[in-house]
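Here's the structure we're looking at; comments come further down.
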2 protein chains.
Amino acid sequence: MTQTKAPAKEQSVANTVSTINDVARLAGVSIKTVSRVMNNEPNVREETRTKVKDAAARLHYRPNLLARSLAGARSFLVGLLYDNPSSSYVIDMQQGVIERCRQSGYHVLSEPQDSLAPDIGRAIASLLATIRLDGVILTPPLCDMAVVLDAVEAAGVPYVRVSPSLFPGRSALVEMDDTQAAYEMTQFLLARGHTDIGFVRGHPEHGSSHRRYDGFVKAMREAKVEPRTHRIAQGFNSFASGLEAAKGLFKNSGDLPTAIFASNDEMAFGVMAYAQQTGVRIPDQVSVVGFDDTPGSMIIWPHLTTIRQPVTDLAYAAADMLLSRATVDEDAPNFSDTRRELPFELVERESAKAV
Amino acid sequence: MTQTKAPAKEQSVANTVSTINDVARLAGVSIKTVSRVMNNEPNVREETRTKVKDAAARLHYRPNLLARSLAGARSFLVGLLYDNPSSSYVIDMQQGVIERCRQSGYHVLSEPQDSLAPDIGRAIASLLATIRLDGVILTPPLCDMAVVLDAVEAAGVPYVRVSPSLFPGRSALVEMDDTQAAYEMTQFLLARGHTDIGFVRGHPEHGSSHRRYDGFVKAMREAKVEPRTHRIAQGFNSFASGLEAAKGLFKNSGDLPTAIFASNDEMAFGVMAYAQQTGVRIPDQVSVVGFDDTPGSMIIWPHLTTIRQPVTDLAYAAADMLLSRATVDEDAPNFSDTRRELPFELVERESAKAV
DNA sequence: ACGCACCTTGATAGCGCTGTCATTAAAAGG
DNA sequence: CCTTTTAATGACAGCGCTATCAAGGTGCGT
């Protein structure tokens, strides 16, 4: 363990770390007034405010976040809790949250969690007890776990959920309409003359899988095309499962669907890989579309037609909701919105064409 | 701004946030003794230690990290500064750093930085003044920027650089031998009968690009094959630039190289996409290999033969170095290593075959 | 002029912990 | 047996800031 001994270090490199005291002294006011200025509080004469700001600037003063947290009610820290296999999703989410938080002087603690761990509830309770976060953002699958929500609520920390499938209304949330997106993607295919459409279902544990399938079925039924069971394959959101699904769907080379809608991009890539291996030409023989617009959709050929999830926008929205929530007086009635739905985008590329 | 008014909240949800005082009272000792136990300090009777631990457990006590930071010398916070376009690189790095830090009770502040911003030095100085980090990890390209290093050093914060290209010896660092990896990949191709090998160079601003090219040239010369200029294309690490490079390399369909070594995976994907568009069969006509082992290399067909960077291991090593550095008494001579080189791995998949 | 608002400012008490140092108890030495 | 060393514990002063509350200043109505 560290045992710092020397009371005062000699190597004061260029110790520009000035405190609120230094500023107060230089400006000739009390530290409380400096505090007021730094926090943009009212009731400070404009002249004084300027004087303090100048002093702070001259000393390169930056309030110590840790001290603020300890003394005050806010910690200027929000947590992003995730357990998501997709690196691009996590990065986009994180990027968006950090960007927004930074604008408000907040920092983000990125906390990956093992959603399969039996003691995840305690792990989160422990985290929240150790660091008093001003808010947390929960992404799938954590946002659908009761123990997680319980832990966060017990700690009294405001939170926002991103794309939850369960417990609607239990918390503020931001989401995208998976069902509608899948519906429109199916219509897109239908409009291009496809009626014999195969579907690769997503991981049954994920709420979004079911919503996407529902959207597909709805569009088909509306077009008076009953989905046929031998055209429906079960996948598990992975490349391998997509490839496996394609094996089933392409079993009879004389009876191929004209299009395949995979419930996520990874599986679409699997389908495309299998097609290539077996000489099925995409999109000439079979059109393939995916869902998510992962980076991979732009590196395979043909580029994948897919649904773009507005991940960064979801992050912005979640951060905004959280910050407005954390900033608002808890006693006051809260009129801020509690649910935001963001638009998706159908991105047409080369993997699908009219029949 | 927030104005918390009510002095004491009525809604004490289940306010299990116990303090060191509560533990001390329950255990019948002073808070200092509790502190000693929580920090695993010596000179506490075993019996007392047990008593305190029991009390802490019963109260679900977790030391407040912010208070510890303010009072003590350590903040239990390390920063991961990055500005990297590759989400998988960042995620793997972050994941590894977080994992290791967690084991030591440290938390990680993920701080993306705009390396192109003119005031990046001040931005980092400001960050370090606001939050007293116990250490920071710098990844490319930040780790090669003098202003960044200056800012970190001025703040007196220990740091470790990952895969730096410049200023060797200026700090502790972890790296991988890009040159050797490219050398071995080239030998891999040579050993399979390829001599007419095309090379797509990486972004000239990235140090690794030059090292990889050097490794390629070295292996070629050793095999008595002089690389020919019309087989060398300049890329910029992007898919599009790889595709563009392939255009040049494949210009004369009667005179194709038998293999193409792209300096990173993205560009290899571009090459493969162009090949597919123009009917060049991979790997039958042309073998393609990449570098990095990004997730995409497993979703394209044929899967890409490439070099796996040990990103997570680099992260582990960097975190370990940093923590040992931060934990060690600054006055004592430091015998811990200051540079670690980690092994890469040539991952053979389907995109390359013997000629 | 006085009284009563309100605006402006500062003194002071912590936040929950660690570092220092004093103190006591136990062990070692002669 | 008493002194010296060493182990074990506690009292207390902050870390840098915010929250509370009191105090002084200003303006205005009467």
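Chain labels follow the order of the structure tokens: the first chain is A, the next B, and so on; residue numbering restarts at 1 in every chain, and ligands are counted from 1 in their shown order.
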
I'd like to know which residues of stretch 121-334 of chain A are strand (DSSP E or B) (by DSSP, run on the backbone); could you write them as an mmCIF file with C-alpha atoms, in the first residue's frame?
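Writing done, so here's result29.cif:
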```
data_model
loop_
_atom_site.group_PDB
_atom_site.id
_atom_site.type_symbol
_atom_site.label_atom_id
_atom_site.label_comp_id
_atom_site.auth_asym_id
_atom_site.auth_seq_id
_atom_site.Cartn_x
_atom_site.Cartn_y
_atom_site.Cartn_z
ATOM 1 C CA GLY A 135 -27.359 9.389 -12.530
ATOM 2 C CA VAL A 136 -26.920 6.238 -14.515
ATOM 3 C CA ILE A 137 -27.815 5.126 -17.991
ATOM 4 C CA LEU A 138 -28.831 1.523 -18.478
ATOM 5 C CA TYR A 159 -31.653 6.668 -14.187
ATOM 6 C CA VAL A 160 -32.687 6.460 -17.782
ATOM 7 C CA ARG A 161 -33.077 3.254 -19.732
ATOM 8 C CA VAL A 162 -32.211 2.816 -23.373
ATOM 9 C CA ALA A 172 -37.607 7.402 -18.007
ATOM 10 C CA LEU A 173 -36.524 5.820 -21.253
ATOM 11 C CA VAL A 174 -35.433 6.430 -24.797
ATOM 12 C CA GLU A 175 -36.118 3.986 -27.550
ATOM 13 C CA MET A 176 -36.564 3.235 -31.195
ATOM 14 C CA ILE A 197 -39.198 -13.582 -48.191
ATOM 15 C CA GLY A 198 -37.170 -15.565 -45.706
ATOM 16 C CA PHE A 199 -36.678 -14.289 -42.186
ATOM 17 C CA VAL A 200 -33.900 -15.048 -39.731
ATOM 18 C CA ARG A 201 -35.135 -14.460 -36.223
ATOM 19 C CA ILE A 232 -38.434 -18.723 -41.061
ATOM 20 C CA ALA A 233 -35.152 -19.670 -39.406
ATOM 21 C CA GLN A 234 -34.081 -19.197 -35.848
ATOM 22 C CA ALA A 259 -35.079 -12.124 -50.366
ATOM 23 C CA ILE A 260 -33.926 -12.730 -46.847
ATOM 24 C CA PHE A 261 -34.470 -10.394 -43.965
ATOM 25 C CA ALA A 262 -32.071 -11.085 -41.128
ATOM 26 C CA SER A 287 -31.612 -10.017 -51.863
ATOM 27 C CA VAL A 288 -30.398 -9.779 -48.285
ATOM 28 C CA VAL A 289 -31.210 -7.094 -45.755
ATOM 29 C CA ASP A 292 -28.566 -2.275 -37.068
ATOM 30 C CA THR A 305 -29.192 -2.664 -46.942
ATOM 31 C CA THR A 306 -30.194 -2.307 -43.334
ATOM 32 C CA ILE A 307 -31.881 -0.240 -40.654
ATOM 33 C CA ARG A 308 -29.778 2.384 -39.003
#
```

Pull out every residue of chain C that has at least one atom within 7 Å of chain B, counting only C-alpha atoms (C1' of nucleotides), and report them as a ChimeraX atom specification. /C:16-18

For chain D versus chain B, which residues have an atom no more than 10 Å away, and what is each residue's nearest atom pair and distance in Å rounded to one decimal, using only C-alpha atoms (C1' of nucleotides), chain-then-number order, as a tab-separated table?
```
residue	atom	partner	partner_atom	distance
D:DA7	C1'	B:Asn43	CA	6.3
D:DA8	C1'	B:Val44	CA	6.0
D:DT9	C1'	B:Thr33	CA	7.0
D:DG10	C1'	B:Ser30	CA	6.0
D:DA11	C1'	B:Ser30	CA	9.2
D:DG14	C1'	B:Ala71	CA	8.0
D:DC15	C1'	B:Ala71	CA	4.6
D:DG16	C1'	B:Leu70	CA	7.7
D:DA19	C1'	B:Pro7	CA	9.1
D:DT20	C1'	B:Pro7	CA	9.5
```

Write a file of the just-selected residues containing C-alpha atoms (C1' of nucleotides), as a PDB file, in the first residue's frame.
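Written output follows (part04.pdb):
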```
ATOM      1  C1'  DA D   7       2.739  -2.764  18.357  1.00  0.00           C
ATOM      2  C1'  DA D   8      -2.012  -1.048  18.582  1.00  0.00           C
ATOM      3  C1'  DT D   9      -5.183   2.530  18.932  1.00  0.00           C
ATOM      4  C1'  DG D  10      -7.303   7.060  19.008  1.00  0.00           C
ATOM      5  C1'  DA D  11      -7.740  12.365  18.841  1.00  0.00           C
ATOM      6  C1'  DG D  14      -7.484  19.187   7.538  1.00  0.00           C
ATOM      7  C1'  DC D  15      -8.364  17.884   1.941  1.00  0.00           C
ATOM      8  C1'  DG D  16     -11.247  21.873  -1.283  1.00  0.00           C
ATOM      9  C1'  DA D  19     -24.728  25.029   2.494  1.00  0.00           C
ATOM     10  C1'  DT D  20     -26.434  27.663   6.056  1.00  0.00           C
TER      11       DT D  20
END
```

Which residues are close to stretch 120-127 of chain B, i.e. within 8 Å by only C-alpha atoms (C1' of nucleotides), leaving aside same-chain residues fewer than 4 positions away? Reply as an NGL selection string. (:A and (62)) or (:B and (113-116 or 131 or 147-148 or 150-152 or 155))

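Once C:DC4 and its same-chain neighbours fewer than 2 positions away are set aside, DC2 and DC6 of chain C; DG27, DC28, DG29 and DT30 of chain D remain within 12 Å of it when counting only C-alpha atoms (C1' of nucleotides).
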
Selection from above, C-alpha atoms (C1' of nucleotides), as an mmCIF file, in the first residue's frame, can you write it?
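This is the output file part33.cif:
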```cif
data_model
loop_
_atom_site.group_PDB
_atom_site.id
_atom_site.type_symbol
_atom_site.label_atom_id
_atom_site.label_comp_id
_atom_site.auth_asym_id
_atom_site.auth_seq_id
_atom_site.Cartn_x
_atom_site.Cartn_y
_atom_site.Cartn_z
ATOM 1 C "C1'" DC C 2 -37.538 55.191 10.192
ATOM 2 C "C1'" DC C 6 -33.959 42.840 -0.872
ATOM 3 C "C1'" DG D 27 -33.245 51.424 -1.974
ATOM 4 C "C1'" DC D 28 -37.859 52.727 -1.295
ATOM 5 C "C1'" DG D 29 -42.276 53.719 0.898
ATOM 6 C "C1'" DT D 30 -44.326 56.431 4.328
#
```

Polymer residues at most 12 Å from D:DA22, only C-alpha atoms (C1' of nucleotides), same-chain spacing of 2 or more positions, as a VMD selection string: (chain C and resid 9 to 12) or (chain D and resid 20 24)

Might you pull out every residue within 7 Å of B:His107, with only C-alpha atoms (C1' of nucleotides) counted and same-chain residues fewer than 2 positions away left off, and present them as a ChimeraX atom specification? /B:76-78,98,101-102,105,109

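Counting from atom C1' of D:DT6, the distance to atom C1' of C:DG30 is 17.0 Å.
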
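The smallest atom-to-atom distance between chain B and any of A:Asp293, A:Asp54, A:Asp337, A:Asp265, using only C-alpha atoms, is found for A:Asp265.
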
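Straight-line separation from atom CA of A:Met267 to atom CA of A:Ser238: 5.6 Å.
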
Pick out the residues sitting within 9 Å of B:Tyr274, and hand them over as a PyMOL selection string; count only C-alpha atoms (C1' of nucleotides), and ignore anything fewer than 2 positions along from it in its own chain. (chain A and resi 301) or (chain B and resi 242-244+246-247+250+269-272+276-280)

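Checking B:Ala117, B:Ala354, B:Ala55, B:Leu133 one by one against chain A, counting only C-alpha atoms, you find the shortest gap at B:Leu133.
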
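Straight-line separation from atom CA of B:Val311 to atom CA of B:Tyr106: 20.2 Å.
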